[in-house]
Amino acid sequence: MVFIGFVDWDFFRNYDAVPHIQSAEESLPATVALIPGAAVHGNKPSPVLSDRLKCGLSLYQSGKVKKILLSGDNGQADYNELRPMLEFMLANHVKPEDVFVDHAGFRTLDTLIRAKEVFLVNDAIFVSQSFFLPRAIYLGRNLGLNLQAFECNLRTYKKEGYYYWREFFARQLAWWDIHIWDTPPKYLGKPFPISKSGIPTWKGSIIK
């Protein structure tokens, strides 16, 4: 119990050390808004994912970020988080070359490792709800990423209590992933710098 308490304290200590924002106006400029996937229903983003997309878009429209990196689960033929995410950004007039798609963001750890190693991201604003962010920020800081936390709680979510409970256990697993197992991402791949055009990351696969 002492160890579990220490792990949880360490996560929130790291989280408190980074800038927390609740609107684009509060953010410092960064290279990219990093938006992790969440559930989709058919081709419709869930409320959790919809709010992340809206907050990420606000960062881009306000000029606080130059690029948007969408990371999600595209590992099954009948389930695709990334297509509705990309379609949202393009429908809202984000320049196609500024949108990057990470097909292999199966876990938060995968998303962050691939952001650093594949897309060569150094600094980002991680866009998610407050109950998910301590784990994401902890992992990112331990991987050497300079992150801000965008707390995009735009509503009360149906499963919010469940998310808080699940995150308690997910933080314990994340600590072991980083400090004991040195867990690699499911897929890595060749570098594709975020400074390039993002179109090749999605053209011909997510959208023809």
# chains A, B, ... in the order shown; residues from 1 in each chain; ligands from 1
>>> residues_around(residues="Pro134 (chain A)", least_positions_apart="4", cutoff="7 Å", atoms="only C-alpha atoms", output="ChimeraX atom specification")
/A:11-12,15,138
>>> residues_around(residues="Ser195 (chain A)", least_positions_apart="3", cutoff="12 Å", atoms="only C-alpha atoms", output="short mmCIF file (atom, residue, chain, number, x, y, z; two decimals) with N, CA, C and O atoms, in the first residue's frame")
data_model
loop_
_atom_site.label_atom_id
_atom_site.label_comp_id
_atom_site.auth_asym_id
_atom_site.auth_seq_id
_atom_site.Cartn_x
_atom_site.Cartn_y
_atom_site.Cartn_z
N THR A 31 4.88 23.20 -30.70
CA THR A 31 4.97 22.71 -32.08
C THR A 31 3.68 22.03 -32.51
O THR A 31 3.19 22.25 -33.62
N VAL A 32 3.11 21.20 -31.62
CA VAL A 32 2.03 20.32 -32.06
C VAL A 32 1.02 20.09 -30.95
O VAL A 32 1.37 20.07 -29.77
N LYS A 66 1.43 24.67 -34.49
CA LYS A 66 1.59 24.68 -35.94
C LYS A 66 1.04 23.41 -36.57
O LYS A 66 0.68 23.41 -37.75
N LYS A 67 1.04 22.32 -35.81
CA LYS A 67 0.66 21.02 -36.35
C LYS A 67 -0.31 20.32 -35.39
O LYS A 67 -0.38 20.65 -34.20
N ILE A 68 -1.02 19.34 -35.93
CA ILE A 68 -1.90 18.49 -35.13
C ILE A 68 -1.52 17.04 -35.41
O ILE A 68 -1.44 16.62 -36.57
N LEU A 69 -1.27 16.29 -34.34
CA LEU A 69 -0.96 14.87 -34.46
C LEU A 69 -2.10 14.07 -33.84
O LEU A 69 -2.36 14.15 -32.65
N GLU A 97 -1.73 19.64 -44.92
CA GLU A 97 -0.33 19.36 -44.63
C GLU A 97 0.02 19.51 -43.14
O GLU A 97 1.07 19.04 -42.69
N ASP A 98 -0.87 20.14 -42.37
CA ASP A 98 -0.62 20.33 -40.94
C ASP A 98 -1.19 19.22 -40.07
O ASP A 98 -1.02 19.24 -38.85
N VAL A 99 -1.88 18.25 -40.68
CA VAL A 99 -2.50 17.16 -39.91
C VAL A 99 -1.72 15.87 -40.14
O VAL A 99 -1.58 15.40 -41.27
N PHE A 100 -1.25 15.29 -39.04
CA PHE A 100 -0.53 14.03 -39.08
C PHE A 100 -1.38 12.95 -38.41
O PHE A 100 -2.09 13.22 -37.44
N VAL A 118 9.10 8.46 -33.90
CA VAL A 118 8.68 8.43 -35.30
C VAL A 118 8.50 9.85 -35.84
O VAL A 118 9.05 10.20 -36.90
N PHE A 119 7.73 10.67 -35.11
CA PHE A 119 7.43 12.02 -35.61
C PHE A 119 8.41 13.07 -35.12
O PHE A 119 8.29 14.24 -35.48
N LEU A 120 9.36 12.66 -34.30
CA LEU A 120 10.45 13.53 -33.82
C LEU A 120 9.91 14.77 -33.13
O LEU A 120 10.42 15.89 -33.30
N VAL A 121 8.89 14.58 -32.33
CA VAL A 121 8.30 15.67 -31.55
C VAL A 121 9.14 15.90 -30.29
O VAL A 121 9.53 14.95 -29.61
N ASN A 122 9.41 17.15 -30.00
CA ASN A 122 10.10 17.51 -28.76
C ASN A 122 9.16 18.17 -27.76
O ASN A 122 9.28 17.95 -26.55
N PRO A 191 11.47 7.12 -39.01
CA PRO A 191 11.10 8.50 -38.65
C PRO A 191 10.37 9.22 -39.77
O PRO A 191 10.67 9.04 -40.95
N PHE A 192 9.39 10.03 -39.38
CA PHE A 192 8.68 10.90 -40.31
C PHE A 192 8.48 12.23 -39.57
O PHE A 192 7.51 12.41 -38.85
N GLY A 198 1.98 16.46 -43.41
CA GLY A 198 1.36 15.29 -42.82
C GLY A 198 0.56 14.44 -43.80
O GLY A 198 0.15 13.32 -43.46
N ILE A 199 0.33 14.93 -45.00
CA ILE A 199 -0.55 14.23 -45.95
C ILE A 199 -0.13 12.79 -46.21
O ILE A 199 -0.99 11.89 -46.23
#
>>> select_by_dssp(residues="region 90-185 of chain A", states="alpha helix (DSSP H)", output="count of residues only")
42
>>> residues_around(residues="region 34-44 of chain A", least_positions_apart="2", cutoff="9 Å", atoms="only C-alpha atoms", output="count of residues only")
36
>>> closest_residue(among="A:Ile194, A:Ala30, A:Ile4, A:Val94", to="Asn146 (chain A)", atoms="only C-alpha atoms")
A:Ala30
>>> residues_around(residues="Ser130 (chain A)", least_positions_apart="4", cutoff="9 Å", atoms="only C-alpha atoms", output="list in words")
Pro134, Ala149, Phe150, Glu151, Cys152 and Asn153 of chain A
>>> select_by_dssp(residues="region 28-175 of chain A", states="strand (DSSP E or B)", output="NGL selection string")
:A and (30-36 or 40-41 or 44-45 or 65-71 or 73 or 76 or 79 or 99-102 or 104 or 123-128 or 146-151)
>>> residues_around(residues="region 60-64 of chain A", least_positions_apart="5", cutoff="8 Å", atoms="only C-alpha atoms", output="PDB file with C-alpha atoms, in the first residue's frame")
ATOM      1  CA  ALA A  24      -6.227  27.882 -25.939  1.00  0.00           C
ATOM      2  CA  GLU A  25      -5.646  31.414 -24.663  1.00  0.00           C
ATOM      3  CA  SER A  27      -1.369  27.931 -23.474  1.00  0.00           C
ATOM      4  CA  LEU A  28       2.214  28.672 -24.360  1.00  0.00           C
ATOM      5  CA  PRO A  29       3.133  28.202 -28.036  1.00  0.00           C
ATOM      6  CA  ALA A  30       4.103  24.647 -28.950  1.00  0.00           C
ATOM      7  CA  ALA A  33      -1.274  19.469 -30.438  1.00  0.00           C
ATOM      8  CA  VAL A  94      -7.130  22.755 -40.940  1.00  0.00           C
TER       9      VAL A  94
END
>>> atom_distance(atom1="CA of Trp9 (chain A)", atom2="CA of Gln172 (chain A)")
11.0 Å
>>> closest_residue(among="A:Lys196, A:Leu139, A:Leu145, A:Ser58", to="Thr183 (chain A)", atoms="only C-alpha atoms")
A:Leu139
>>> atom_distance(atom1="CA of Phe168 (chain A)", atom2="CA of Ile180 (chain A)")
18.3 Å
>>> closest_residue(among="A:Gln148, A:Asp123, A:Phe131, A:Leu86", to="Arg166 (chain A)", atoms="only C-alpha atoms")
A:Phe131
>>> atom_distance(atom1="CA of His179 (chain A)", atom2="CA of Val7 (chain A)")
11.1 Å
>>> closest_residue(among="A:Arg13, A:Arg114, A:His93, A:Arg135", to="Ile178 (chain A)", atoms="only C-alpha atoms")
A:Arg135
>>> closest_residue(among="A:Leu57, A:Lys159, A:Ile137, A:Asp51", to="Pro19 (chain A)", atoms="only C-alpha atoms")
A:Ile137
>>> decode(residues="region 36-86 of chain A", atoms="N, CA and C atoms", output="short mmCIF file (atom, residue, chain, number, x, y, z; two decimals), in the first residue's frame")
data_model
loop_
_atom_site.label_atom_id
_atom_site.label_comp_id
_atom_site.auth_asym_id
_atom_site.auth_seq_id
_atom_site.Cartn_x
_atom_site.Cartn_y
_atom_site.Cartn_z
N PRO A 36 -4.94 12.13 -28.48
CA PRO A 36 -5.09 10.67 -28.48
C PRO A 36 -6.51 10.27 -28.83
N GLY A 37 -6.65 9.08 -29.39
CA GLY A 37 -7.97 8.59 -29.76
C GLY A 37 -8.80 8.16 -28.56
N ALA A 38 -10.06 7.94 -28.83
CA ALA A 38 -11.01 7.40 -27.85
C ALA A 38 -12.11 6.73 -28.66
N ALA A 39 -13.11 6.25 -27.98
CA ALA A 39 -14.13 5.45 -28.65
C ALA A 39 -14.84 6.23 -29.76
N VAL A 40 -15.16 5.51 -30.82
CA VAL A 40 -16.02 6.03 -31.87
C VAL A 40 -17.19 5.06 -32.05
N HIS A 41 -18.32 5.59 -32.47
CA HIS A 41 -19.50 4.78 -32.70
C HIS A 41 -19.84 4.87 -34.19
N GLY A 42 -19.44 3.83 -34.92
CA GLY A 42 -19.52 3.92 -36.36
C GLY A 42 -18.47 4.91 -36.84
N ASN A 43 -18.90 5.99 -37.40
CA ASN A 43 -17.98 7.04 -37.83
C ASN A 43 -18.17 8.31 -37.00
N LYS A 44 -18.80 8.16 -35.83
CA LYS A 44 -19.09 9.32 -34.99
C LYS A 44 -18.24 9.28 -33.72
N PRO A 45 -17.47 10.34 -33.45
CA PRO A 45 -16.67 10.37 -32.23
C PRO A 45 -17.55 10.35 -30.98
N SER A 46 -17.09 9.65 -29.96
CA SER A 46 -17.76 9.68 -28.66
C SER A 46 -17.64 11.07 -28.06
N PRO A 47 -18.43 11.39 -27.03
CA PRO A 47 -18.29 12.72 -26.39
C PRO A 47 -16.86 13.02 -25.92
N VAL A 48 -16.19 12.02 -25.37
CA VAL A 48 -14.81 12.22 -24.91
C VAL A 48 -13.91 12.62 -26.07
N LEU A 49 -14.00 11.89 -27.17
CA LEU A 49 -13.16 12.19 -28.33
C LEU A 49 -13.58 13.49 -29.00
N SER A 50 -14.86 13.74 -29.10
CA SER A 50 -15.35 14.98 -29.72
C SER A 50 -14.79 16.20 -29.01
N ASP A 51 -14.74 16.17 -27.68
CA ASP A 51 -14.24 17.32 -26.93
C ASP A 51 -12.73 17.48 -27.11
N ARG A 52 -12.01 16.38 -27.21
CA ARG A 52 -10.57 16.49 -27.49
C ARG A 52 -10.32 17.15 -28.84
N LEU A 53 -11.10 16.76 -29.82
CA LEU A 53 -10.93 17.33 -31.16
C LEU A 53 -11.25 18.82 -31.17
N LYS A 54 -12.29 19.23 -30.47
CA LYS A 54 -12.65 20.64 -30.41
C LYS A 54 -11.54 21.45 -29.74
N CYS A 55 -10.98 20.93 -28.66
CA CYS A 55 -9.93 21.65 -27.95
C CYS A 55 -8.66 21.72 -28.79
N GLY A 56 -8.31 20.61 -29.44
CA GLY A 56 -7.13 20.62 -30.31
C GLY A 56 -7.29 21.60 -31.45
N LEU A 57 -8.48 21.65 -32.03
CA LEU A 57 -8.75 22.60 -33.11
C LEU A 57 -8.60 24.04 -32.62
N SER A 58 -9.05 24.32 -31.41
CA SER A 58 -8.94 25.69 -30.88
C SER A 58 -7.48 26.11 -30.74
N LEU A 59 -6.60 25.18 -30.40
CA LEU A 59 -5.17 25.50 -30.31
C LEU A 59 -4.62 25.88 -31.68
N TYR A 60 -5.02 25.15 -32.69
CA TYR A 60 -4.56 25.42 -34.05
C TYR A 60 -5.12 26.75 -34.57
N GLN A 61 -6.41 26.95 -34.37
CA GLN A 61 -7.06 28.17 -34.89
C GLN A 61 -6.54 29.42 -34.21
N SER A 62 -6.11 29.29 -32.97
CA SER A 62 -5.58 30.45 -32.24
C SER A 62 -4.08 30.66 -32.50
N GLY A 63 -3.47 29.79 -33.28
CA GLY A 63 -2.06 29.94 -33.61
C GLY A 63 -1.11 29.46 -32.53
N LYS A 64 -1.61 28.74 -31.53
CA LYS A 64 -0.74 28.26 -30.45
C LYS A 64 0.06 27.03 -30.85
N VAL A 65 -0.41 26.28 -31.85
CA VAL A 65 0.35 25.15 -32.38
C VAL A 65 0.39 25.25 -33.90
N LYS A 66 1.43 24.67 -34.49
CA LYS A 66 1.59 24.68 -35.94
C LYS A 66 1.04 23.41 -36.57
N LYS A 67 1.04 22.32 -35.81
CA LYS A 67 0.66 21.02 -36.35
C LYS A 67 -0.31 20.32 -35.39
N ILE A 68 -1.02 19.34 -35.93
CA ILE A 68 -1.90 18.49 -35.13
C ILE A 68 -1.52 17.04 -35.41
N LEU A 69 -1.27 16.29 -34.34
CA LEU A 69 -0.96 14.87 -34.46
C LEU A 69 -2.10 14.07 -33.84
N LEU A 70 -2.79 13.31 -34.68
CA LEU A 70 -3.91 12.46 -34.26
C LEU A 70 -3.39 11.05 -34.08
N SER A 71 -3.59 10.48 -32.91
CA SER A 71 -3.06 9.15 -32.63
C SER A 71 -4.17 8.26 -32.10
N GLY A 72 -4.37 7.12 -32.75
CA GLY A 72 -5.46 6.26 -32.31
C GLY A 72 -5.34 4.84 -32.82
N ASP A 73 -6.38 4.08 -32.57
CA ASP A 73 -6.43 2.66 -32.91
C ASP A 73 -7.00 2.49 -34.32
N ASN A 74 -6.14 1.98 -35.20
CA ASN A 74 -6.56 1.66 -36.56
C ASN A 74 -6.15 0.23 -36.90
N GLY A 75 -6.20 -0.64 -35.88
CA GLY A 75 -5.66 -1.98 -36.03
C GLY A 75 -6.66 -3.02 -36.49
N GLN A 76 -7.93 -2.66 -36.66
CA GLN A 76 -8.94 -3.62 -37.09
C GLN A 76 -9.72 -3.06 -38.27
N ALA A 77 -10.15 -3.96 -39.15
CA ALA A 77 -10.86 -3.53 -40.35
C ALA A 77 -12.19 -2.87 -40.03
N ASP A 78 -12.82 -3.29 -38.92
CA ASP A 78 -14.15 -2.78 -38.60
C ASP A 78 -14.14 -1.73 -37.49
N TYR A 79 -12.96 -1.23 -37.14
CA TYR A 79 -12.89 -0.19 -36.10
C TYR A 79 -11.77 0.78 -36.44
N ASN A 80 -12.10 2.05 -36.56
CA ASN A 80 -11.13 3.05 -36.98
C ASN A 80 -11.41 4.35 -36.25
N GLU A 81 -10.57 4.67 -35.27
CA GLU A 81 -10.72 5.94 -34.55
C GLU A 81 -10.24 7.13 -35.38
N LEU A 82 -9.33 6.88 -36.29
CA LEU A 82 -8.62 7.97 -36.94
C LEU A 82 -9.40 8.64 -38.05
N ARG A 83 -10.19 7.90 -38.78
CA ARG A 83 -10.92 8.51 -39.89
C ARG A 83 -11.83 9.65 -39.43
N PRO A 84 -12.71 9.45 -38.43
CA PRO A 84 -13.53 10.59 -37.99
C PRO A 84 -12.72 11.72 -37.38
N MET A 85 -11.58 11.39 -36.77
CA MET A 85 -10.72 12.44 -36.23
C MET A 85 -10.16 13.31 -37.36
N LEU A 86 -9.65 12.65 -38.39
CA LEU A 86 -9.10 13.38 -39.53
C LEU A 86 -10.18 14.16 -40.27
#
